[in-house]
file upload.txt (compact mmCIF, C-alpha atoms and all ligand atoms)
# COMPACT_ATOMS: atom_id res chain seq x y z
CA MET A 357 -7.90 8.67 4.65
CA SER A 358 -6.42 10.67 7.46
CA THR A 359 -6.82 9.81 11.08
CA HIS A 360 -5.70 13.25 12.15
CA ALA A 361 -7.77 15.91 10.48
CA PRO A 362 -8.70 18.74 12.79
CA GLN A 363 -9.59 21.88 10.87
CA ALA A 364 -8.68 25.47 11.68
CA SER A 365 -9.61 28.81 10.22
CA SER A 366 -6.08 30.28 10.45
CA PRO A 367 -3.02 28.88 8.63
CA ALA A 368 -1.19 25.99 10.32
CA ARG A 369 1.77 26.81 12.52
CA LEU A 370 4.64 24.36 12.75
CA VAL A 371 4.51 23.04 16.30
CA ALA A 372 7.59 20.90 16.21
CA LEU A 373 10.28 19.22 14.19
CA PRO A 374 11.14 16.49 16.69
CA ALA A 375 14.33 14.46 16.32
CA THR A 376 13.09 11.31 18.06
CA LEU A 377 9.93 9.24 17.93
CA ASP A 378 9.31 9.84 21.65
CA ASP A 379 9.53 13.59 21.09
CA ALA A 380 7.14 13.35 18.15
CA VAL A 381 4.59 11.48 20.29
CA ALA A 382 5.08 14.06 23.06
CA ALA A 383 4.56 16.92 20.59
CA LEU A 384 1.27 15.38 19.44
CA ALA A 385 0.19 14.89 23.04
CA GLU A 386 1.01 18.52 23.83
CA VAL A 387 -1.03 19.89 20.92
CA PRO A 388 -3.82 17.38 20.25
CA ALA A 389 -4.97 19.38 17.22
CA ALA A 390 -1.59 18.90 15.51
CA VAL A 391 -1.36 16.77 12.38
CA PRO A 392 1.75 14.74 11.57
CA VAL A 393 3.38 15.43 8.22
CA ALA A 394 6.08 13.24 6.66
CA GLY A 395 6.90 14.01 3.00
CA GLY A 396 3.82 16.21 2.67
CA THR A 397 3.02 14.99 -0.85
CA ASP A 398 -0.54 13.99 0.09
CA LEU A 399 -1.10 16.34 3.00
CA MET A 400 0.05 19.51 1.28
CA ALA A 401 -1.90 18.60 -1.87
CA ALA A 402 -5.03 18.44 0.32
CA VAL A 403 -4.13 21.77 1.99
CA ASN A 404 -3.47 23.43 -1.36
CA ALA A 405 -6.77 22.13 -2.71
CA GLY A 406 -8.57 23.64 0.30
CA LEU A 407 -9.68 20.21 1.54
CA LEU A 408 -7.75 20.37 4.78
CA ARG A 409 -6.77 23.19 7.12
CA PRO A 410 -4.71 21.62 9.89
CA ALA A 411 -4.52 23.72 13.05
CA ALA A 412 -0.87 22.75 13.57
CA LEU A 413 1.76 20.43 12.15
CA VAL A 414 4.32 18.03 13.61
CA GLY A 415 7.01 17.33 11.02
CA LEU A 416 8.41 13.80 10.94
CA GLY A 417 11.24 14.62 8.54
CA ARG A 418 13.97 14.53 11.18
CA LEU A 419 13.13 11.13 12.66
CA ALA A 420 16.28 9.31 11.54
CA GLU A 421 15.18 6.22 13.47
CA LEU A 422 12.19 5.83 11.11
CA ARG A 423 14.11 6.33 7.86
CA GLY A 424 15.77 2.90 7.69
CA TRP A 425 15.01 -0.70 8.57
CA ALA A 426 16.10 -3.39 11.01
CA TYR A 427 15.85 -7.18 11.18
CA GLN A 428 13.80 -9.06 13.75
CA ASP A 429 12.97 -12.79 13.83
CA GLY A 430 12.88 -13.35 10.08
CA HIS A 431 11.10 -10.06 9.50
CA ALA A 432 12.12 -6.58 8.40
CA LEU A 433 10.97 -3.65 10.53
CA LEU A 434 10.57 -0.86 8.01
CA GLY A 435 10.60 2.71 9.32
CA ALA A 436 7.48 4.65 8.42
CA CYS A 437 9.60 7.52 7.07
CA LEU A 438 11.39 5.40 4.47
CA THR A 439 10.96 7.29 1.22
CA HIS A 440 9.91 5.69 -2.03
CA ALA A 441 13.31 6.70 -3.45
CA ARG A 442 15.14 4.84 -0.67
CA MET A 443 12.97 1.74 -1.09
CA SER A 444 13.73 1.77 -4.82
CA ARG A 445 17.45 1.17 -4.29
CA PRO A 446 19.05 -2.24 -5.03
CA ASP A 447 19.84 -3.18 -1.40
CA PHE A 448 16.17 -2.76 -0.46
CA ALA A 449 15.04 -4.50 -3.67
CA ALA A 450 17.13 -7.53 -2.71
CA LEU A 451 15.13 -7.80 0.54
CA ILE A 452 11.56 -7.07 -0.55
CA PRO A 453 11.47 -6.94 -4.35
CA ALA A 454 7.76 -6.26 -4.75
CA LEU A 455 7.84 -3.30 -2.37
CA ALA A 456 10.84 -1.87 -4.19
CA ALA A 457 9.01 -2.24 -7.52
CA ALA A 458 5.95 -0.50 -6.07
CA ALA A 459 8.09 2.33 -4.69
CA ARG A 460 9.83 2.77 -8.07
CA SER A 461 6.47 3.28 -9.74
CA ALA A 462 4.98 5.71 -7.17
CA GLY A 463 4.76 9.02 -8.96
CA PRO A 464 7.44 11.25 -10.48
CA PRO A 465 10.95 11.55 -8.92
CA GLN A 466 10.08 14.61 -6.80
CA VAL A 467 7.23 12.68 -5.20
CA ARG A 468 9.37 9.56 -4.69
CA ASN A 469 12.10 11.63 -3.04
CA ALA A 470 9.70 13.08 -0.47
CA GLY A 471 6.80 10.61 -0.20
CA THR A 472 7.06 7.93 2.48
CA LEU A 473 5.86 4.43 3.20
CA GLY A 474 3.98 5.63 6.29
CA GLY A 475 2.26 8.42 4.40
CA ASN A 476 1.20 5.98 1.69
CA VAL A 477 -0.28 3.63 4.29
CA VAL A 478 -2.04 6.29 6.39
CA SER A 479 -3.42 8.08 3.32
CA ALA A 480 -4.72 4.66 2.20
CA ALA A 481 -5.71 5.92 -1.25
CA ALA A 482 -7.19 3.20 -3.45
CA PHE A 483 -4.31 3.69 -5.91
CA GLY A 484 -1.62 3.56 -3.18
CA ASP A 485 1.13 1.46 -4.73
CA THR A 486 2.59 -0.04 -1.57
CA LEU A 487 -0.81 -1.24 -0.31
CA PRO A 488 -1.36 -4.38 -2.43
CA VAL A 489 2.23 -5.43 -1.70
CA LEU A 490 1.75 -5.00 2.05
CA ALA A 491 -1.58 -6.86 1.80
CA ALA A 492 0.05 -9.78 -0.04
CA LEU A 493 2.89 -9.83 2.49
CA GLU A 494 0.34 -9.74 5.34
CA ALA A 495 2.27 -6.88 6.92
CA THR A 496 1.69 -5.66 10.47
CA LEU A 497 1.74 -1.99 11.45
CA LEU A 498 3.52 -1.03 14.67
CA VAL A 499 2.12 2.05 16.33
CA ALA A 500 3.69 4.47 18.79
CA GLY A 501 1.49 6.59 21.00
CA PRO A 502 0.90 8.04 24.43
CA GLU A 503 0.26 4.54 25.78
CA GLY A 504 3.75 3.50 24.66
CA ASP A 505 5.09 1.60 21.67
CA GLY A 506 3.87 -1.68 20.45
CA ARG A 507 0.20 -1.58 19.47
CA GLN A 508 -0.01 -3.75 16.38
CA ILE A 509 -2.53 -3.52 13.56
CA PRO A 510 -2.68 -6.04 10.70
CA ILE A 511 -2.59 -4.04 7.46
CA GLY A 512 -5.92 -5.49 6.33
CA GLN A 513 -7.63 -4.30 9.53
CA LEU A 514 -6.44 -0.73 9.03
CA LEU A 515 -7.30 -0.57 5.35
CA ALA A 516 -10.76 -2.04 5.94
CA GLY A 517 -11.37 0.55 8.68
CA ARG A 518 -11.81 -2.16 11.35
CA ASP A 519 -8.94 -0.66 13.32
CA ARG A 520 -7.34 2.75 12.95
CA LEU A 521 -4.73 5.05 14.39
CA HIS A 522 -6.06 6.77 17.49
CA PRO A 523 -5.54 10.49 18.07
CA GLY A 524 -1.97 11.09 19.21
CA GLU A 525 -0.67 7.87 17.62
CA LEU A 526 1.96 7.59 14.92
CA LEU A 527 2.70 4.77 12.55
CA ALA A 528 6.26 3.89 13.54
CA HIS A 529 7.16 0.72 11.66
CA VAL A 530 5.77 -1.73 9.16
CA ARG A 531 6.76 -5.34 9.85
CA VAL A 532 7.01 -7.62 6.82
CA PRO A 533 8.23 -11.21 6.58
CA LEU A 534 11.47 -11.82 4.69
CA LEU A 535 10.40 -14.64 2.38
CA HIS A 536 13.63 -15.09 0.36
CA ALA A 537 11.58 -15.97 -2.72
CA PRO A 538 10.53 -14.16 -5.90
CA GLN A 539 7.79 -11.56 -5.71
CA THR A 540 6.44 -9.12 -8.25
CA PHE A 541 4.46 -5.89 -8.49
CA LEU A 542 2.93 -4.80 -11.79
CA LYS A 543 0.86 -1.71 -12.42
CA ALA A 544 -1.30 -0.51 -15.30
CA THR A 545 -1.77 3.21 -15.82
CA THR A 546 -3.65 5.31 -18.33
CA ARG A 547 -0.47 6.80 -19.77
CA SER A 548 3.22 5.98 -20.02
CA GLY A 549 5.64 7.28 -17.37
CA PRO A 550 5.00 7.57 -13.63
CA SER A 551 1.31 7.78 -13.00
CA ARG A 552 -1.39 6.58 -10.61
CA ALA A 553 -2.56 2.99 -10.97
CA LEU A 554 -5.63 1.99 -12.91
CA ALA A 555 -4.98 -1.49 -11.54
CA SER A 556 -2.02 -3.10 -9.83
CA VAL A 557 -1.17 -6.65 -8.79
CA ALA A 558 1.33 -7.93 -6.24
CA VAL A 559 2.32 -11.60 -6.25
CA VAL A 560 4.39 -13.09 -3.45
CA LEU A 561 5.69 -16.66 -3.18
CA ASP A 562 5.99 -18.17 0.27
CA PRO A 563 7.86 -21.47 -0.24
CA VAL A 564 7.90 -22.34 3.47
CA ARG A 565 4.12 -22.18 3.77
CA ARG A 566 3.80 -23.32 0.12
CA GLU A 567 1.59 -20.35 -0.60
CA VAL A 568 1.07 -18.01 -3.52
CA ARG A 569 -0.30 -14.72 -2.18
CA CYS A 570 -1.79 -12.12 -4.47
CA ALA A 571 -3.40 -8.73 -3.91
CA VAL A 572 -5.04 -6.47 -6.45
CA GLY A 573 -4.89 -2.71 -5.98
CA ALA A 574 -6.81 0.30 -7.29
CA VAL A 575 -9.93 -1.52 -8.50
CA ALA A 576 -11.68 -1.18 -5.13
CA PRO A 577 -11.29 1.11 -2.11
CA VAL A 578 -8.97 -1.46 -0.48
CA PRO A 579 -6.63 -4.10 -1.97
CA LEU A 580 -8.46 -7.35 -2.77
CA ARG A 581 -7.11 -10.83 -2.00
CA PRO A 582 -8.46 -13.50 -4.40
CA LEU A 583 -8.02 -16.27 -1.81
CA ASP A 584 -9.61 -19.12 -3.80
CA ALA A 585 -7.41 -18.35 -6.81
CA GLU A 586 -4.33 -18.23 -4.55
CA ARG A 587 -5.10 -21.64 -3.01
CA TRP A 588 -5.95 -23.19 -6.37
CA VAL A 589 -2.74 -22.11 -8.08
CA ALA A 590 -0.55 -22.94 -5.06
CA SER A 591 -1.84 -26.52 -5.31
CA LEU A 592 -0.50 -26.72 -8.89
CA VAL A 593 3.02 -25.50 -8.09
CA ASP A 594 5.72 -28.14 -7.74
CA TRP A 595 7.28 -26.57 -4.64
CA ASP A 596 10.09 -29.17 -4.45
CA GLY A 597 10.86 -28.97 -8.17
CA ASP A 598 11.33 -26.18 -10.69
CA ARG A 599 8.08 -24.38 -9.67
CA GLY A 600 7.20 -23.92 -13.35
CA LEU A 601 3.59 -23.66 -14.49
CA ALA A 602 2.15 -24.28 -17.96
CA PRO A 603 1.02 -21.15 -19.85
CA GLU A 604 -2.58 -22.43 -19.69
CA ALA A 605 -2.42 -22.58 -15.89
CA LEU A 606 -0.98 -19.07 -15.71
CA ALA A 607 -3.74 -17.80 -17.99
CA ALA A 608 -6.39 -19.59 -15.91
CA PHE A 609 -4.95 -18.01 -12.76
CA GLY A 610 -5.15 -14.57 -14.37
CA ASP A 611 -8.78 -15.13 -15.37
CA TYR A 612 -9.60 -16.48 -11.91
CA VAL A 613 -8.13 -13.36 -10.27
CA GLY A 614 -9.89 -11.04 -12.74
CA MET A 615 -13.26 -12.72 -12.14
CA ALA A 616 -12.78 -12.73 -8.37
CA CYS A 617 -11.96 -9.03 -8.20
CA ILE A 618 -14.42 -7.81 -10.81
CA PRO A 619 -17.28 -10.31 -10.65
CA ASP A 620 -20.26 -10.54 -12.96
CA PRO A 621 -23.33 -8.67 -11.75
CA GLY A 622 -26.15 -10.71 -10.28
CA PRO A 623 -28.21 -12.89 -12.64
CA GLU A 624 -31.50 -11.05 -12.06
CA PRO A 625 -32.03 -8.29 -14.68
CA ALA A 626 -34.67 -5.73 -13.74
CA PRO A 627 -37.83 -6.03 -15.87
CA GLY A 628 -37.30 -4.25 -19.20
CA ASP A 629 -33.57 -3.71 -18.58
CA ARG A 630 -31.79 -5.70 -21.30
CA GLU A 631 -28.32 -4.58 -20.26
CA ALA A 632 -28.65 -5.57 -16.61
CA GLY A 633 -26.77 -8.74 -15.75
CA GLN A 634 -23.96 -7.78 -18.16
CA LEU A 635 -20.69 -6.27 -17.06
CA PRO A 636 -20.21 -2.78 -18.58
CA LEU A 637 -17.44 -2.65 -21.21
CA VAL A 638 -15.18 -0.52 -19.04
CA LEU A 639 -15.31 -3.10 -16.25
CA LEU A 640 -14.73 -5.94 -18.72
CA GLN A 641 -11.59 -4.12 -19.89
CA LEU A 642 -10.48 -3.58 -16.30
CA ARG A 643 -11.03 -7.27 -15.55
CA ARG A 644 -8.87 -8.16 -18.58
CA THR A 645 -6.18 -5.77 -17.36
CA VAL A 646 -6.19 -7.38 -13.90
CA ALA A 647 -6.08 -10.85 -15.47
CA THR A 648 -3.09 -9.88 -17.60
CA LEU A 649 -1.22 -8.35 -14.66
CA ALA A 650 -1.89 -11.42 -12.48
CA ARG A 651 -0.83 -13.85 -15.23
CA ARG A 652 2.37 -11.92 -15.94
CA GLY A 653 3.13 -11.30 -12.27
CA LEU A 654 2.86 -14.97 -11.36
CA GLY A 655 4.70 -16.02 -14.52
CA ARG A 656 7.64 -13.77 -13.62
CA ALA A 657 7.65 -14.92 -10.01
CA LEU A 658 7.77 -18.57 -11.08
CA ALA A 659 10.25 -18.10 -13.97
C1 LIG B 701 1.96 14.28 -8.27
C2 LIG B 701 1.72 13.11 -7.34
C3 LIG B 701 1.78 11.82 -7.84
C4 LIG B 701 1.58 10.74 -7.00
N1 LIG B 701 1.66 9.48 -7.53
C5 LIG B 701 1.50 8.42 -6.71
C6 LIG B 701 1.60 7.09 -7.23
O1 LIG B 701 1.83 6.86 -8.43
N2 LIG B 701 1.44 6.07 -6.37
C7 LIG B 701 1.17 6.27 -5.03
O2 LIG B 701 1.02 5.29 -4.30
N3 LIG B 701 1.06 7.51 -4.52
C8 LIG B 701 1.21 8.58 -5.32
N4 LIG B 701 1.08 9.84 -4.80
C9 LIG B 701 0.66 10.00 -3.40
C10 LIG B 701 1.78 10.21 -2.36
O3 LIG B 701 2.97 10.63 -2.92
C11 LIG B 701 2.05 8.95 -1.52
O4 LIG B 701 0.86 8.50 -0.90
C12 LIG B 701 3.11 9.18 -0.45
O5 LIG B 701 3.61 7.92 -0.07
C13 LIG B 701 2.59 9.92 0.78
O6 LIG B 701 3.66 10.02 1.72
P1 LIG B 701 4.01 11.40 2.43
O7 LIG B 701 5.16 11.13 3.31
O8 LIG B 701 4.18 12.49 1.43
O9 LIG B 701 2.68 11.62 3.27
P2 LIG B 701 2.11 13.01 3.93
O10 LIG B 701 1.56 13.81 2.82
O11 LIG B 701 3.20 13.61 4.75
O12 LIG B 701 1.03 12.42 4.86
C14 LIG B 701 -0.10 11.76 4.35
C15 LIG B 701 -1.04 11.41 5.50
O13 LIG B 701 -0.44 10.47 6.36
C16 LIG B 701 -0.28 10.99 7.68
N5 LIG B 701 1.00 10.48 8.13
C17 LIG B 701 2.18 10.49 7.44
N6 LIG B 701 3.11 9.80 8.09
C18 LIG B 701 2.53 9.35 9.23
C19 LIG B 701 2.98 8.54 10.33
N7 LIG B 701 4.23 8.03 10.39
N8 LIG B 701 2.10 8.26 11.32
C20 LIG B 701 0.83 8.74 11.28
N9 LIG B 701 0.34 9.48 10.27
C21 LIG B 701 1.19 9.77 9.25
C22 LIG B 701 -0.40 12.48 7.55
O14 LIG B 701 -0.91 13.09 8.73
C23 LIG B 701 -1.38 12.59 6.40
O15 LIG B 701 -2.70 12.39 6.88
C24 LIG B 701 1.29 10.94 -5.62
C25 LIG B 701 1.24 12.24 -5.10
C26 LIG B 701 1.45 13.33 -5.95
C27 LIG B 701 1.40 14.71 -5.36

call {"tool": "encode", "arguments": {"input": "upload.txt", "output": "structure tokens"}}
result
Amino acid sequence: MSTHAPQASSPARLVALPATLDDAVAALAEVPAAVPVAGGTDLMAAVNAGLLRPAALVGLGRLAELRGWAYQDGHALLGACLTHARMSRPDFAALIPALAAAARSAGPPQVRNAGTLGGNVVSAAAFGDTLPVLAALEATLLVAGPEGDGRQIPIGQLLAGRDRLHPGELLAHVRVPLLHAPQTFLKATTRSGPSRALASVAVVLDPVRREVRCAVGAVAPVPLRPLDAERWVASLVDWDGDRGLAPEALAAFGDYVGMACIPDPGPEPAPGDREAGQLPLVLLQLRRTVATLARRGLGRALA
């Protein structure tokens, strides 16, 4: 998904390489047809495939203020131009382990060196690796635009299309809570090595709110939150004790998540259709994959 997609018949010209966020917003205001580009891994792939012909580009690669993070009231403010490679490093992993794990798995090294958190969020591809983590963390997006900084969009609202970036706006920061508790991200792909997700699961423990939060990526256009399964398993965790769970409970959680995200079809088969009402084999396998990822993800978080 792109919120800035004006088309042009001639090749794009580079309007600006601003050095500050204010200048980037000003450059977009000056040339409303301009499209922001961060690492270019998604945008240039679309251009090369002939799917997009931006009239003009505003490069975000020099915005040093968006390439790091800051702390604010128990949260981390993550710059939209943080690359996957930067988020993979141990200091970042110590802060937000699931996001670091997602970043480590996002494509081959060349893509991780260039591709950014903001680009992953704004592209909002179903397989986007950071998205289930941000959904489980209940992240908030901070937007900069001609009206000034500070418009906030809950990640779920953006991904569901209920709110979006307006023309001239940039994603500036992603605010995530620092939970100081284990969290995991696991991803299944069709082949070994860096590859796009067939299914992914993020599990986050929130000991203060006594919550287990889980989001499943790639099996639907947006990450899915199996809220009933989250509440059920959180009620089994001994939050004041060792937080361990029996293998049967972990397996039941996995099955619960799998069923919630890939439910059985309705009970009403069409007349003469013997296969209706049954889940196709490929979806049964995907449900098993999700169940396995959820079981392992929670098991590792609670270990
Ligand atoms: C070979 C290959 C493998 C890949 N594998 C994976 C994978 O395994 N997992 C995965 O999740 N992704 C994968 N990707 C997709 C891609 O690398 C990521 O989505 C990346 O995070 C995009 O970031 P970017 O900075 O390159 O975005 P860009 O390509 O620069 O931009 C993408 C979109 O976001 C907009 N945009 C970017 N930054 C901002 C901002 N701050 N504010 C407003 N709009 C903005 C752009 O206008 C554009 O519409 C892969 C891509 C390739 C080419």

call {"tool": "residues_around", "arguments": {"input": "upload.txt", "residues": "Pro374 (chain A)", "least_positions_apart": "6", "cutoff": "12 Å", "atoms": "all atoms listed in the file", "output": "list in words"}}
result
Ala380, Val381, Ala382, Ala383, Leu384, Pro392, Val393, Ala394, Leu413, Val414, Gly415, Leu416, Gly417, Arg418, Leu419, Ala420 and Glu421 of chain A

call {"tool": "closest_atom_pairs", "arguments": {"input": "upload.txt", "of": "chain A", "to": "ligand LIG 701 (chain B)", "cutoff": "7 Å", "atoms": "all atoms listed in the file", "output": "CSV"}}
result
residue,atom,partner,partner_atom,distance
A:Met357,CA,B:LIG701,O15,6.8
A:Ser358,CA,B:LIG701,O15,4.1
A:Thr359,CA,B:LIG701,O15,6.4
A:His360,CA,B:LIG701,O14,5.9
A:Val391,CA,B:LIG701,O14,5.2
A:Pro392,CA,B:LIG701,O14,4.2
A:Val393,CA,B:LIG701,O11,3.9
A:Ala394,CA,B:LIG701,O11,3.5
A:Gly395,CA,B:LIG701,O7,3.4
A:Gly396,CA,B:LIG701,O10,3.3
A:Thr397,CA,B:LIG701,O8,3.6
A:Asp398,CA,B:LIG701,O10,3.4
A:Leu399,CA,B:LIG701,O10,3.7
A:Met400,CA,B:LIG701,O10,6.1
A:Ala401,CA,B:LIG701,C27,6.2
A:Ala436,CA,B:LIG701,N7,5.1
A:Cys437,CA,B:LIG701,N7,6.3
A:His440,CA,B:LIG701,O5,7.0
A:Ser461,CA,B:LIG701,O1,6.0
A:Ala462,CA,B:LIG701,O1,3.6
A:Gly463,CA,B:LIG701,N1,3.4
A:Pro464,CA,B:LIG701,C3,6.3
A:Val467,CA,B:LIG701,O3,5.2
A:Arg468,CA,B:LIG701,O3,6.7
A:Ala470,CA,B:LIG701,O8,5.9
A:Gly471,CA,B:LIG701,O8,3.6
A:Thr472,CA,B:LIG701,O7,3.8
A:Leu473,CA,B:LIG701,O5,5.3
A:Gly474,CA,B:LIG701,N6,4.6
A:Gly475,CA,B:LIG701,O9,3.4
A:Asn476,CA,B:LIG701,O5,3.6
A:Val478,CA,B:LIG701,O13,4.5
A:Ser479,CA,B:LIG701,C15,4.6
A:Phe483,CA,B:LIG701,O2,5.8
A:Gly484,CA,B:LIG701,O2,3.3
A:Asp485,CA,B:LIG701,O2,3.9
A:Thr486,CA,B:LIG701,O2,6.2
A:Glu525,CA,B:LIG701,C20,6.6
A:Leu526,CA,B:LIG701,N8,3.7
A:Leu527,CA,B:LIG701,N8,3.7
A:Ala528,CA,B:LIG701,N7,5.6
A:Pro550,CA,B:LIG701,O1,6.1
A:Ser551,CA,B:LIG701,O1,4.7
A:Arg552,CA,B:LIG701,O1,3.9
A:Ala553,CA,B:LIG701,O1,6.4

call {"tool": "atom_distance", "arguments": {"input": "upload.txt", "atom1": "CA of Lys543 (chain A)", "atom2": "CA of Leu515 (chain A)"}}
result
19.6 Å

call {"tool": "residues_around", "arguments": {"input": "upload.txt", "residues": "Arg507 (chain A)", "least_positions_apart": "6", "cutoff": "12 Å", "atoms": "all atoms listed in the file", "output": "MDAnalysis selection string"}}
result
chainID A and resid 496:501 519:522 525:530

call {"tool": "atom_distance", "arguments": {"input": "upload.txt", "atom1": "CA of Pro603 (chain A)", "atom2": "CA of Arg651 (chain A)"}}
result
8.8 Å

call {"tool": "atom_distance", "arguments": {"input": "upload.txt", "atom1": "CA of Leu637 (chain A)", "atom2": "CA of Leu542 (chain A)"}}
result
22.5 Å

call {"tool": "closest_residue", "arguments": {"input": "upload.txt", "among": "A:Leu451, A:Ala456, A:Leu561, A:Leu487", "to": "Pro538 (chain A)", "atoms": "only C-alpha atoms"}}
result
A:Leu561

call {"tool": "closest_residue", "arguments": {"input": "upload.txt", "among": "A:Ile511, A:Gly600, A:Leu455, A:Leu493", "to": "Glu567 (chain A)", "atoms": "all atoms listed in the file"}}
result
A:Leu493

call {"tool": "closest_residue", "arguments": {"input": "upload.txt", "among": "A:Pro410, A:Pro446, A:Gly512, A:Pro388", "to": "Leu580 (chain A)", "atoms": "only C-alpha atoms"}}
result
A:Gly512

call {"tool": "decode", "arguments": {"input": "upload.txt", "residues": "region 382-398 of chain A", "atoms": "N, CA and C atoms", "output": "PDB file, in the first residue's frame"}}
result
ATOM      1  N   ALA A 382       8.520  20.156   3.981  1.00  0.00           N
ATOM      2  CA  ALA A 382       8.431  21.344   3.101  1.00  0.00           C
ATOM      3  C   ALA A 382       8.598  20.925   1.633  1.00  0.00           C
ATOM      4  N   ALA A 383       9.508  20.010   1.372  1.00  0.00           N
ATOM      5  CA  ALA A 383       9.732  19.562  -0.009  1.00  0.00           C
ATOM      6  C   ALA A 383       8.483  18.881  -0.564  1.00  0.00           C
ATOM      7  N   LEU A 384       7.804  18.106   0.287  1.00  0.00           N
ATOM      8  CA  LEU A 384       6.564  17.456  -0.176  1.00  0.00           C
ATOM      9  C   LEU A 384       5.462  18.484  -0.401  1.00  0.00           C
ATOM     10  N   ALA A 385       5.444  19.511   0.444  1.00  0.00           N
ATOM     11  CA  ALA A 385       4.423  20.554   0.279  1.00  0.00           C
ATOM     12  C   ALA A 385       4.670  21.335  -1.011  1.00  0.00           C
ATOM     13  N   GLU A 386       5.947  21.533  -1.332  1.00  0.00           N
ATOM     14  CA  GLU A 386       6.301  22.317  -2.517  1.00  0.00           C
ATOM     15  C   GLU A 386       5.935  21.582  -3.814  1.00  0.00           C
ATOM     16  N   VAL A 387       6.140  20.269  -3.796  1.00  0.00           N
ATOM     17  CA  VAL A 387       5.821  19.469  -4.992  1.00  0.00           C
ATOM     18  C   VAL A 387       4.846  18.362  -4.565  1.00  0.00           C
ATOM     19  N   PRO A 388       3.560  18.663  -4.555  1.00  0.00           N
ATOM     20  CA  PRO A 388       2.597  17.694  -4.018  1.00  0.00           C
ATOM     21  C   PRO A 388       2.618  16.343  -4.741  1.00  0.00           C
ATOM     22  N   ALA A 389       3.128  16.327  -5.982  1.00  0.00           N
ATOM     23  CA  ALA A 389       3.168  15.044  -6.700  1.00  0.00           C
ATOM     24  C   ALA A 389       4.354  14.182  -6.270  1.00  0.00           C
ATOM     25  N   ALA A 390       5.230  14.717  -5.429  1.00  0.00           N
ATOM     26  CA  ALA A 390       6.445  13.972  -5.061  1.00  0.00           C
ATOM     27  C   ALA A 390       6.111  12.802  -4.130  1.00  0.00           C
ATOM     28  N   VAL A 391       6.878  11.751  -4.273  1.00  0.00           N
ATOM     29  CA  VAL A 391       6.705  10.535  -3.466  1.00  0.00           C
ATOM     30  C   VAL A 391       7.939  10.376  -2.580  1.00  0.00           C
ATOM     31  N   PRO A 392       7.741  10.145  -1.271  1.00  0.00           N
ATOM     32  CA  PRO A 392       8.916   9.911  -0.433  1.00  0.00           C
ATOM     33  C   PRO A 392       9.540   8.549  -0.716  1.00  0.00           C
ATOM     34  N   VAL A 393      10.854   8.492  -0.642  1.00  0.00           N
ATOM     35  CA  VAL A 393      11.537   7.204  -0.800  1.00  0.00           C
ATOM     36  C   VAL A 393      12.587   7.099   0.299  1.00  0.00           C
ATOM     37  N   ALA A 394      12.552   5.969   1.010  1.00  0.00           N
ATOM     38  CA  ALA A 394      13.523   5.742   2.094  1.00  0.00           C
ATOM     39  C   ALA A 394      14.616   4.829   1.549  1.00  0.00           C
ATOM     40  N   GLY A 395      14.547   3.519   1.820  1.00  0.00           N
ATOM     41  CA  GLY A 395      15.549   2.599   1.272  1.00  0.00           C
ATOM     42  C   GLY A 395      15.316   2.265  -0.193  1.00  0.00           C
ATOM     43  N   GLY A 396      14.088   2.438  -0.643  1.00  0.00           N
ATOM     44  CA  GLY A 396      13.756   2.193  -2.050  1.00  0.00           C
ATOM     45  C   GLY A 396      13.552   0.721  -2.396  1.00  0.00           C
ATOM     46  N   THR A 397      13.625  -0.175  -1.416  1.00  0.00           N
ATOM     47  CA  THR A 397      13.555  -1.605  -1.757  1.00  0.00           C
ATOM     48  C   THR A 397      12.170  -2.007  -2.261  1.00  0.00           C
ATOM     49  N   ASP A 398      11.129  -1.387  -1.741  1.00  0.00           N
ATOM     50  CA  ASP A 398       9.775  -1.645  -2.244  1.00  0.00           C
ATOM     51  C   ASP A 398       9.460  -0.717  -3.408  1.00  0.00           C
TER      52      ASP A 398
END
